[in-house]
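For reference, model.cif (mmCIF, C-alpha atoms):
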```cif
data_work
#
loop_
_atom_site.group_PDB
_atom_site.id
_atom_site.type_symbol
_atom_site.label_atom_id
_atom_site.label_comp_id
_atom_site.auth_asym_id
_atom_site.auth_seq_id
_atom_site.Cartn_x
_atom_site.Cartn_y
_atom_site.Cartn_z
ATOM 1 C CA MET A 1 75.824 213.411 237.068
ATOM 2 C CA THR A 2 73.756 216.139 238.747
ATOM 3 C CA ILE A 3 70.807 217.481 236.752
ATOM 4 C CA ARG A 4 70.589 221.183 237.593
ATOM 5 C CA THR A 5 66.914 222.036 237.397
ATOM 6 C CA ILE A 6 64.630 225.086 237.514
ATOM 7 C CA LEU A 7 60.888 224.909 238.243
ATOM 8 C CA VAL A 8 58.587 227.555 236.746
ATOM 9 C CA ASP A 9 54.926 227.902 237.731
ATOM 10 C CA ASP A 10 52.732 230.792 238.887
ATOM 11 C CA GLU A 11 51.030 228.490 241.443
ATOM 12 C CA PRO A 12 53.188 227.938 244.583
ATOM 13 C CA LEU A 13 51.364 224.696 245.387
ATOM 14 C CA ALA A 14 52.230 223.333 241.936
ATOM 15 C CA ILE A 15 55.925 224.051 242.520
ATOM 16 C CA GLN A 16 55.797 222.425 245.958
ATOM 17 C CA GLY A 17 54.097 219.354 244.519
ATOM 18 C CA LEU A 18 56.713 218.977 241.796
ATOM 19 C CA GLN A 19 59.515 219.445 244.328
ATOM 20 C CA LEU A 20 58.096 216.586 246.417
ATOM 21 C CA ARG A 21 57.796 214.303 243.377
ATOM 22 C CA LEU A 22 61.382 215.054 242.363
ATOM 23 C CA GLU A 23 62.832 214.281 245.810
ATOM 24 C CA PRO A 24 63.245 210.527 245.094
ATOM 25 C CA HIS A 25 65.400 211.431 242.081
ATOM 26 C CA ASP A 26 68.734 211.859 243.858
ATOM 27 C CA ASP A 27 70.506 213.271 240.823
ATOM 28 C CA VAL A 28 68.118 216.255 240.517
ATOM 29 C CA GLU A 29 69.298 219.524 242.089
ATOM 30 C CA ILE A 30 66.697 222.306 242.066
ATOM 31 C CA VAL A 31 68.761 225.475 241.660
ATOM 32 C CA ASP A 32 65.844 227.925 241.471
ATOM 33 C CA THR A 33 62.063 228.316 241.304
ATOM 34 C CA CYS A 34 60.260 231.034 239.363
ATOM 35 C CA SER A 35 56.677 232.291 239.463
ATOM 36 C CA ASN A 36 56.463 233.901 236.006
ATOM 37 C CA GLY A 37 58.018 233.882 232.569
ATOM 38 C CA ARG A 38 60.220 236.954 232.954
ATOM 39 C CA GLU A 39 61.757 235.575 236.133
ATOM 40 C CA ALA A 40 62.317 232.278 234.333
ATOM 41 C CA ILE A 41 64.239 233.868 231.449
ATOM 42 C CA ARG A 42 66.519 235.766 233.842
ATOM 43 C CA SER A 43 67.081 232.702 236.007
ATOM 44 C CA ILE A 44 67.831 230.389 233.075
ATOM 45 C CA LYS A 45 70.362 232.850 231.653
ATOM 46 C CA THR A 46 71.986 233.199 235.090
ATOM 47 C CA HIS A 47 72.042 229.587 236.296
ATOM 48 C CA LYS A 48 72.337 227.825 232.915
ATOM 49 C CA PRO A 49 70.391 224.742 234.107
ATOM 50 C CA ASP A 50 70.279 221.362 232.413
ATOM 51 C CA LEU A 51 66.512 221.042 232.740
ATOM 52 C CA VAL A 52 63.484 223.322 233.177
ATOM 53 C CA PHE A 53 59.987 222.233 234.188
ATOM 54 C CA LEU A 54 57.869 224.974 232.658
ATOM 55 C CA ASP A 55 54.191 225.799 233.179
ATOM 56 C CA ILE A 56 52.425 226.910 229.996
ATOM 57 C CA GLN A 57 49.550 229.027 231.321
ATOM 58 C CA MET A 58 51.087 231.979 233.200
ATOM 59 C CA PRO A 59 50.136 235.668 233.269
ATOM 60 C CA GLY A 60 52.242 237.840 230.979
ATOM 61 C CA PHE A 61 54.963 235.639 229.474
ATOM 62 C CA ASP A 62 53.557 232.143 229.010
ATOM 63 C CA GLY A 63 55.729 229.025 228.676
ATOM 64 C CA PHE A 64 56.071 229.324 224.908
ATOM 65 C CA SER A 65 57.217 232.958 225.268
ATOM 66 C CA VAL A 66 59.930 231.798 227.672
ATOM 67 C CA VAL A 67 61.300 229.389 225.069
ATOM 68 C CA GLN A 68 61.225 232.119 222.411
ATOM 69 C CA GLY A 69 63.022 234.505 224.772
ATOM 70 C CA LEU A 70 65.981 232.118 225.019
ATOM 71 C CA MET A 71 66.650 231.659 221.307
ATOM 72 C CA GLU A 72 70.003 233.469 221.445
ATOM 73 C CA ILE A 73 71.528 231.069 223.986
ATOM 74 C CA GLU A 74 71.982 227.314 224.100
ATOM 75 C CA PRO A 75 68.707 226.303 225.733
ATOM 76 C CA PRO A 76 68.248 223.698 228.465
ATOM 77 C CA LEU A 77 65.916 220.741 228.095
ATOM 78 C CA PHE A 78 62.298 221.802 228.615
ATOM 79 C CA VAL A 79 59.463 219.748 230.074
ATOM 80 C CA PHE A 80 56.118 221.526 229.833
ATOM 81 C CA VAL A 81 53.744 220.997 232.755
ATOM 82 C CA THR A 82 50.114 222.074 232.385
ATOM 83 C CA ALA A 83 46.523 221.304 233.295
ATOM 84 C CA TYR A 84 45.407 221.737 229.680
ATOM 85 C CA GLY A 85 45.868 218.956 227.135
ATOM 86 C CA ASP A 86 45.162 221.106 224.071
ATOM 87 C CA HIS A 87 48.704 222.570 224.103
ATOM 88 C CA ALA A 88 50.439 219.250 223.383
ATOM 89 C CA ILE A 89 51.174 219.806 219.681
ATOM 90 C CA ARG A 90 52.516 223.334 220.271
ATOM 91 C CA ALA A 91 54.680 222.001 223.089
ATOM 92 C CA PHE A 92 56.408 219.487 220.824
ATOM 93 C CA GLU A 93 56.703 222.080 218.047
ATOM 94 C CA ALA A 94 58.550 224.248 220.603
ATOM 95 C CA GLN A 95 61.073 221.388 220.944
ATOM 96 C CA ALA A 96 59.900 220.316 224.390
ATOM 97 C CA MET A 97 61.565 217.222 225.832
ATOM 98 C CA ASP A 98 58.204 216.071 227.162
ATOM 99 C CA TYR A 99 54.725 217.232 228.151
ATOM 100 C CA LEU A 100 53.261 216.415 231.571
ATOM 101 C CA MET A 101 49.684 216.863 232.708
ATOM 102 C CA LYS A 102 48.831 218.178 236.177
ATOM 103 C CA PRO A 103 48.680 216.582 238.654
ATOM 104 C CA VAL A 104 51.957 214.958 237.640
ATOM 105 C CA GLU A 105 51.979 211.197 238.147
ATOM 106 C CA ASP A 106 55.084 209.610 239.686
ATOM 107 C CA ASP A 107 55.376 206.901 237.006
ATOM 108 C CA ARG A 108 55.021 209.428 234.203
ATOM 109 C CA LEU A 109 57.639 211.687 235.812
ATOM 110 C CA ALA A 110 60.009 208.730 236.151
ATOM 111 C CA ASP A 111 59.669 208.016 232.421
ATOM 112 C CA THR A 112 60.402 211.662 231.640
ATOM 113 C CA MET A 113 63.494 211.720 233.857
ATOM 114 C CA ALA A 114 64.812 208.556 232.209
ATOM 115 C CA ARG A 115 64.580 210.307 228.831
ATOM 116 C CA VAL A 116 66.236 213.421 230.245
ATOM 117 C CA ARG A 117 69.180 211.386 231.587
ATOM 118 C CA GLU A 118 69.593 209.658 228.247
ATOM 119 C CA ARG A 119 69.595 212.962 226.359
ATOM 120 C CA LEU A 120 72.060 214.610 228.740
ATOM 121 C CA ALA A 121 74.395 211.606 228.577
ATOM 122 C CA GLU A 122 74.409 211.798 224.762
ATOM 123 C CA LYS A 123 75.101 215.528 224.886
ATOM 124 C CA GLY A 124 77.955 215.079 227.366
ATOM 125 C CA SER A 125 79.520 212.348 225.263
ATOM 126 C CA SER A 126 79.453 214.435 222.086
ATOM 127 C CA GLU A 127 80.956 217.459 223.874
ATOM 128 C CA GLU A 128 83.760 215.298 225.310
ATOM 129 C CA ILE A 129 84.558 213.902 221.864
ATOM 130 C CA ALA A 130 84.640 217.422 220.405
ATOM 131 C CA ARG A 131 87.066 218.636 223.092
ATOM 132 C CA LEU A 132 89.334 215.635 222.607
ATOM 133 C CA LYS A 133 89.376 216.096 218.835
ATOM 134 C CA GLU A 134 90.281 219.770 219.270
ATOM 135 C CA VAL A 135 93.275 218.936 221.475
ATOM 136 C CA LEU A 136 94.412 216.108 219.203
ATOM 137 C CA SER A 137 94.229 218.299 216.108
ATOM 138 C CA GLU A 138 96.819 220.599 217.703
ATOM 139 C CA VAL A 139 99.289 218.071 219.146
ATOM 140 C CA ALA A 140 98.742 214.997 216.957
ATOM 141 C CA PRO A 141 96.938 215.743 213.659
ATOM 142 C CA GLU A 142 97.280 212.166 212.353
ATOM 143 C CA ALA A 143 95.701 210.738 215.520
ATOM 144 C CA ALA A 144 92.866 213.249 215.210
ATOM 145 C CA GLU A 145 92.148 212.151 211.636
ATOM 146 C CA HIS A 146 92.183 208.479 212.683
ATOM 147 C CA MET A 147 89.840 209.188 215.588
ATOM 148 C CA ALA A 148 87.446 211.101 213.312
ATOM 149 C CA ALA A 149 87.342 208.203 210.850
ATOM 150 C CA GLU A 150 86.644 205.695 213.627
ATOM 151 C CA HIS A 151 83.977 207.941 215.121
ATOM 152 C CA ASP A 152 82.231 208.303 211.739
ATOM 153 C CA GLN A 153 82.286 204.539 211.250
ATOM 154 C CA HIS A 154 80.863 203.942 214.726
ATOM 155 C CA ALA A 155 78.239 206.647 214.221
ATOM 156 C CA ALA A 156 77.038 205.083 210.982
ATOM 157 C CA SER A 157 76.625 201.670 212.624
ATOM 158 C CA ARG A 158 74.525 202.975 215.526
ATOM 159 C CA TYR A 159 71.752 204.357 213.318
ATOM 160 C CA GLU A 160 68.929 202.158 212.130
ATOM 161 C CA ARG A 161 68.657 200.915 208.562
ATOM 162 C CA LEU A 162 65.138 199.515 208.916
ATOM 163 C CA ILE A 163 62.265 201.057 210.863
ATOM 164 C CA ASN A 164 59.159 199.082 211.777
ATOM 165 C CA ILE A 165 55.984 201.153 211.411
ATOM 166 C CA LYS A 166 52.588 199.913 212.556
ATOM 167 C CA ASP A 167 49.965 201.645 210.436
ATOM 168 C CA ARG A 168 46.398 200.703 209.470
ATOM 169 C CA GLY A 169 46.646 197.376 211.270
ATOM 170 C CA GLN A 170 49.801 196.326 209.404
ATOM 171 C CA ILE A 171 53.492 196.402 210.205
ATOM 172 C CA PHE A 172 55.669 197.925 207.489
ATOM 173 C CA ARG A 173 59.451 197.395 207.458
ATOM 174 C CA VAL A 174 60.746 200.600 205.936
ATOM 175 C CA ASP A 175 64.274 200.915 204.572
ATOM 176 C CA VAL A 176 65.534 204.295 205.818
ATOM 177 C CA ASP A 177 67.231 204.840 202.446
ATOM 178 C CA SER A 178 63.754 205.054 200.912
ATOM 179 C CA ILE A 179 62.507 207.717 203.331
ATOM 180 C CA GLU A 180 62.278 210.998 201.462
ATOM 181 C CA ARG A 181 60.977 213.293 204.180
ATOM 182 C CA ILE A 182 59.283 213.269 207.579
ATOM 183 C CA ASP A 183 56.647 215.721 208.805
ATOM 184 C CA ALA A 184 55.746 216.075 212.482
ATOM 185 C CA ALA A 185 52.432 216.796 214.173
ATOM 186 C CA GLY A 186 52.947 216.489 217.928
ATOM 187 C CA ASP A 187 53.877 212.898 218.721
ATOM 188 C CA TYR A 188 52.841 211.614 215.281
ATOM 189 C CA MET A 189 55.164 211.434 212.275
ATOM 190 C CA CYS A 190 54.165 211.269 208.610
ATOM 191 C CA ILE A 191 56.828 209.175 206.842
ATOM 192 C CA TYR A 192 57.019 209.746 203.064
ATOM 193 C CA THR A 193 58.848 207.140 200.991
ATOM 194 C CA GLY A 194 58.063 208.519 197.530
ATOM 195 C CA ASP A 195 55.351 205.965 196.770
ATOM 196 C CA ASN A 196 53.784 205.628 200.212
ATOM 197 C CA THR A 197 52.850 207.648 203.299
ATOM 198 C CA LEU A 198 52.887 206.001 206.724
ATOM 199 C CA ILE A 199 51.931 207.294 210.156
ATOM 200 C CA LEU A 200 54.297 206.606 213.067
ATOM 201 C CA ARG A 201 53.454 207.424 216.680
ATOM 202 C CA GLU A 202 56.749 208.860 217.905
ATOM 203 C CA THR A 203 58.123 212.309 218.647
ATOM 204 C CA MET A 204 60.450 213.936 216.155
ATOM 205 C CA LYS A 205 63.266 214.180 218.696
ATOM 206 C CA ASP A 206 63.145 210.450 219.377
ATOM 207 C CA LEU A 207 62.986 209.613 215.680
ATOM 208 C CA GLU A 208 65.908 211.935 214.920
ATOM 209 C CA LYS A 209 68.113 209.939 217.309
ATOM 210 C CA ARG A 210 67.494 206.814 215.198
ATOM 211 C CA LEU A 211 68.527 208.444 211.893
ATOM 212 C CA ASP A 212 72.014 209.323 210.654
ATOM 213 C CA PRO A 213 72.289 213.156 210.951
ATOM 214 C CA ARG A 214 74.772 213.240 208.058
ATOM 215 C CA ARG A 215 71.871 212.267 205.781
ATOM 216 C CA PHE A 216 68.688 213.243 207.595
ATOM 217 C CA GLN A 217 68.549 216.920 208.480
ATOM 218 C CA ARG A 218 65.813 219.093 209.901
ATOM 219 C CA VAL A 219 65.018 221.928 207.480
ATOM 220 C CA HIS A 220 62.040 223.243 209.404
ATOM 221 C CA ARG A 221 61.033 222.793 213.021
ATOM 222 C CA SER A 222 58.556 220.108 211.914
ATOM 223 C CA THR A 223 60.264 218.635 208.817
ATOM 224 C CA ILE A 224 63.228 216.291 208.283
ATOM 225 C CA VAL A 225 64.600 215.649 204.780
ATOM 226 C CA ASN A 226 66.806 212.881 203.382
ATOM 227 C CA LEU A 227 69.566 214.986 201.807
ATOM 228 C CA ASP A 228 70.564 212.112 199.511
ATOM 229 C CA LEU A 229 67.216 212.521 197.743
ATOM 230 C CA VAL A 230 67.506 216.276 197.143
ATOM 231 C CA LYS A 231 67.944 217.053 193.443
ATOM 232 C CA GLN A 232 67.520 220.828 193.360
ATOM 233 C CA VAL A 233 67.642 223.895 195.622
ATOM 234 C CA LYS A 234 65.360 226.785 194.619
ATOM 235 C CA PRO A 235 65.895 230.212 196.239
ATOM 236 C CA HIS A 236 62.827 231.924 197.618
ATOM 237 C CA THR A 237 61.993 235.298 199.153
ATOM 238 C CA ASN A 238 63.019 236.467 202.641
ATOM 239 C CA GLY A 239 66.101 234.258 202.727
ATOM 240 C CA GLU A 240 64.111 231.045 202.515
ATOM 241 C CA CYS A 241 64.484 228.358 199.847
ATOM 242 C CA PHE A 242 62.820 225.182 198.595
ATOM 243 C CA LEU A 243 64.350 221.729 198.262
ATOM 244 C CA VAL A 244 63.067 219.736 195.285
ATOM 245 C CA LEU A 245 63.125 216.015 196.061
ATOM 246 C CA ASP A 246 63.379 213.020 193.726
ATOM 247 C CA SER A 247 59.601 212.530 193.824
ATOM 248 C CA GLY A 248 59.042 216.126 192.720
ATOM 249 C CA ALA A 249 57.858 217.225 196.156
ATOM 250 C CA GLN A 250 59.050 220.641 197.294
ATOM 251 C CA VAL A 251 59.963 221.356 200.918
ATOM 252 C CA LYS A 252 60.444 224.861 202.262
ATOM 253 C CA VAL A 253 63.628 225.489 204.247
ATOM 254 C CA SER A 254 63.101 228.138 206.905
ATOM 255 C CA ARG A 255 65.754 230.814 207.362
ATOM 256 C CA SER A 256 66.912 229.420 210.702
ATOM 257 C CA TYR A 257 67.801 226.075 209.057
ATOM 258 C CA ARG A 258 69.206 227.339 205.762
ATOM 259 C CA ASP A 259 72.837 227.328 206.949
ATOM 260 C CA VAL A 260 72.493 223.766 208.239
ATOM 261 C CA VAL A 261 71.285 222.513 204.886
ATOM 262 C CA ALA A 262 73.968 224.461 203.007
ATOM 263 C CA ARG A 263 76.665 222.404 204.731
ATOM 264 C CA PHE A 264 75.264 219.204 203.254
ATOM 265 C CA VAL A 265 73.767 220.174 199.911
ATOM 266 C CA HIS A 266 76.353 221.217 197.318
#
```
Would you put the structure from the file into structure tokens?
Amino acid sequence: MTIRTILVDDEPLAIQGLQLRLEPHDDVEIVDTCSNGREAIRSIKTHKPDLVFLDIQMPGFDGFSVVQGLMEIEPPLFVFVTAYGDHAIRAFEAQAMDYLMKPVEDDRLADTMARVRERLAEKGSSEEIARLKEVLSEVAPEAAEHMAAEHDQHAASRYERLINIKDRGQIFRVDVDSIERIDAAGDYMCIYTGDNTLILRETMKDLEKRLDPRRFQRVHRSTIVNLDLVKQVKPHTNGECFLVLDSGAQVKVSRSYRDVVARFVH
């Protein structure tokens, strides 16, 4: 699989350095380079890359503005690259795949590319299954139903039922059924189980992959909720609403996630 990639940085030397570090990765094809945010938005919409290495500090449109400018299309994977460490939390809140500090280290880049390959492979697999199910539903409805049932069973088995969390010098074995909600702050997660709060060092994207999406849904860019533990939905102003959980906690659902939650909460 070829990873079609765009590099965005206002410093030509930074782009050249990243190009050199990506050369050993034979599956990476650099389809374009951009020197500012506006160029990046046009290029991403034109080339539809799999991956974008994106500088944060740029004149005019910064890296975060680029991400916001692509909200109407299916975005690529983003890796922010910057000389400033104080943008890390905002980078993960902007759904970045990873966050690299300049000068980029080869080992750190290799770790990032391994995660990118894993994410793209998962995306490709899910798209292939969706296409196959669409064809089967037209020519063989019974086979499509059987395939959907098998896929659901396989999906349920691949998600974790227990999560080990090291917090305050102890290791807690947490039953995922007891997790009520999860709040993110950069690469730290606050895990709420109703009677306890634990801190887990992990990004939200990585944690999401370990949880069954039929039960655990993101209702805000930094909040995941266990839909099995929702007991009430309270409308709010501006198209937002609140979910009332079994513990009595209330979680705001932003407008962009309201339709997602509506498919699961009846």
Subject >> Polymer residues at most 12 Å from segment 15-20 of chain A, only C-alpha atoms, same-chain spacing of 4 or more positions, as number ranges by chain >> reply: A: 5-11, 24-26, 28-36, 52-55, 81-82, 100-106, 109
Subject >> Result set of the PyMOL selection byres ((chain A and resi 215-228) around 7) on the coordinates above, as a PyMOL selection string >> reply: chain A and resi 93+179-184+211-214+229-230+253-254+257+261+265
Can you write just those residues out, C-alpha atoms, as a CSV table (one decimal), keeping the file's coordinate frame?
```
chain,number,residue,atom,x,y,z
A,93,GLU,CA,56.7,222.1,218.0
A,179,ILE,CA,62.5,207.7,203.3
A,180,GLU,CA,62.3,211.0,201.5
A,181,ARG,CA,61.0,213.3,204.2
A,182,ILE,CA,59.3,213.3,207.6
A,183,ASP,CA,56.6,215.7,208.8
A,184,ALA,CA,55.7,216.1,212.5
A,211,LEU,CA,68.5,208.4,211.9
A,212,ASP,CA,72.0,209.3,210.7
A,213,PRO,CA,72.3,213.2,211.0
A,214,ARG,CA,74.8,213.2,208.1
A,229,LEU,CA,67.2,212.5,197.7
A,230,VAL,CA,67.5,216.3,197.1
A,253,VAL,CA,63.6,225.5,204.2
A,254,SER,CA,63.1,228.1,206.9
A,257,TYR,CA,67.8,226.1,209.1
A,261,VAL,CA,71.3,222.5,204.9
A,265,VAL,CA,73.8,220.2,199.9
```
**OP:** Given the file shown, enumerate the residues that the PyMOL selection byres ((chain A and resi 74-77) around 6) captures and present them as a PyMOL selection string.
**Re:** chain A and resi 50-51+73+78
**OP:** Please write the residues picked by the PyMOL selection byres ((chain A and resi 110-114) around 9) on this file as number ranges by chain.
**Re:** A: 22, 25, 79, 97-100, 105-109, 115-119
Export, as a PDB file, in the frame of the given file, the selected residues with C-alpha atoms.
```pdb
ATOM      1  CA  LEU A  22      61.382 215.054 242.363  1.00  0.00           C
ATOM      2  CA  HIS A  25      65.400 211.431 242.081  1.00  0.00           C
ATOM      3  CA  VAL A  79      59.463 219.748 230.074  1.00  0.00           C
ATOM      4  CA  MET A  97      61.565 217.222 225.832  1.00  0.00           C
ATOM      5  CA  ASP A  98      58.204 216.071 227.162  1.00  0.00           C
ATOM      6  CA  TYR A  99      54.725 217.232 228.151  1.00  0.00           C
ATOM      7  CA  LEU A 100      53.261 216.415 231.571  1.00  0.00           C
ATOM      8  CA  GLU A 105      51.979 211.197 238.147  1.00  0.00           C
ATOM      9  CA  ASP A 106      55.084 209.610 239.686  1.00  0.00           C
ATOM     10  CA  ASP A 107      55.376 206.901 237.006  1.00  0.00           C
ATOM     11  CA  ARG A 108      55.021 209.428 234.203  1.00  0.00           C
ATOM     12  CA  LEU A 109      57.639 211.687 235.812  1.00  0.00           C
ATOM     13  CA  ARG A 115      64.580 210.307 228.831  1.00  0.00           C
ATOM     14  CA  VAL A 116      66.236 213.421 230.245  1.00  0.00           C
ATOM     15  CA  ARG A 117      69.180 211.386 231.587  1.00  0.00           C
ATOM     16  CA  GLU A 118      69.593 209.658 228.247  1.00  0.00           C
ATOM     17  CA  ARG A 119      69.595 212.962 226.359  1.00  0.00           C
TER      18      ARG A 119
END
```
Original post:
Neighbours of segment 199-207 of chain A within 8 Å (all atoms listed in the file; same-chain residues fewer than 2 positions away dropped), as JSON, numbers by chain?
Top reply: {"A": [92, 95, 97, 165, 166, 167, 184, 186, 187, 188, 189, 190, 191, 197, 209, 210, 211, 222]}
**OP:** Have a look at A:Ile56, A:Met1, A:Val176, A:Ile44 and name the one nearest to Gly69 of chain A; count all atoms listed in the file.
**Re:** A:Ile44
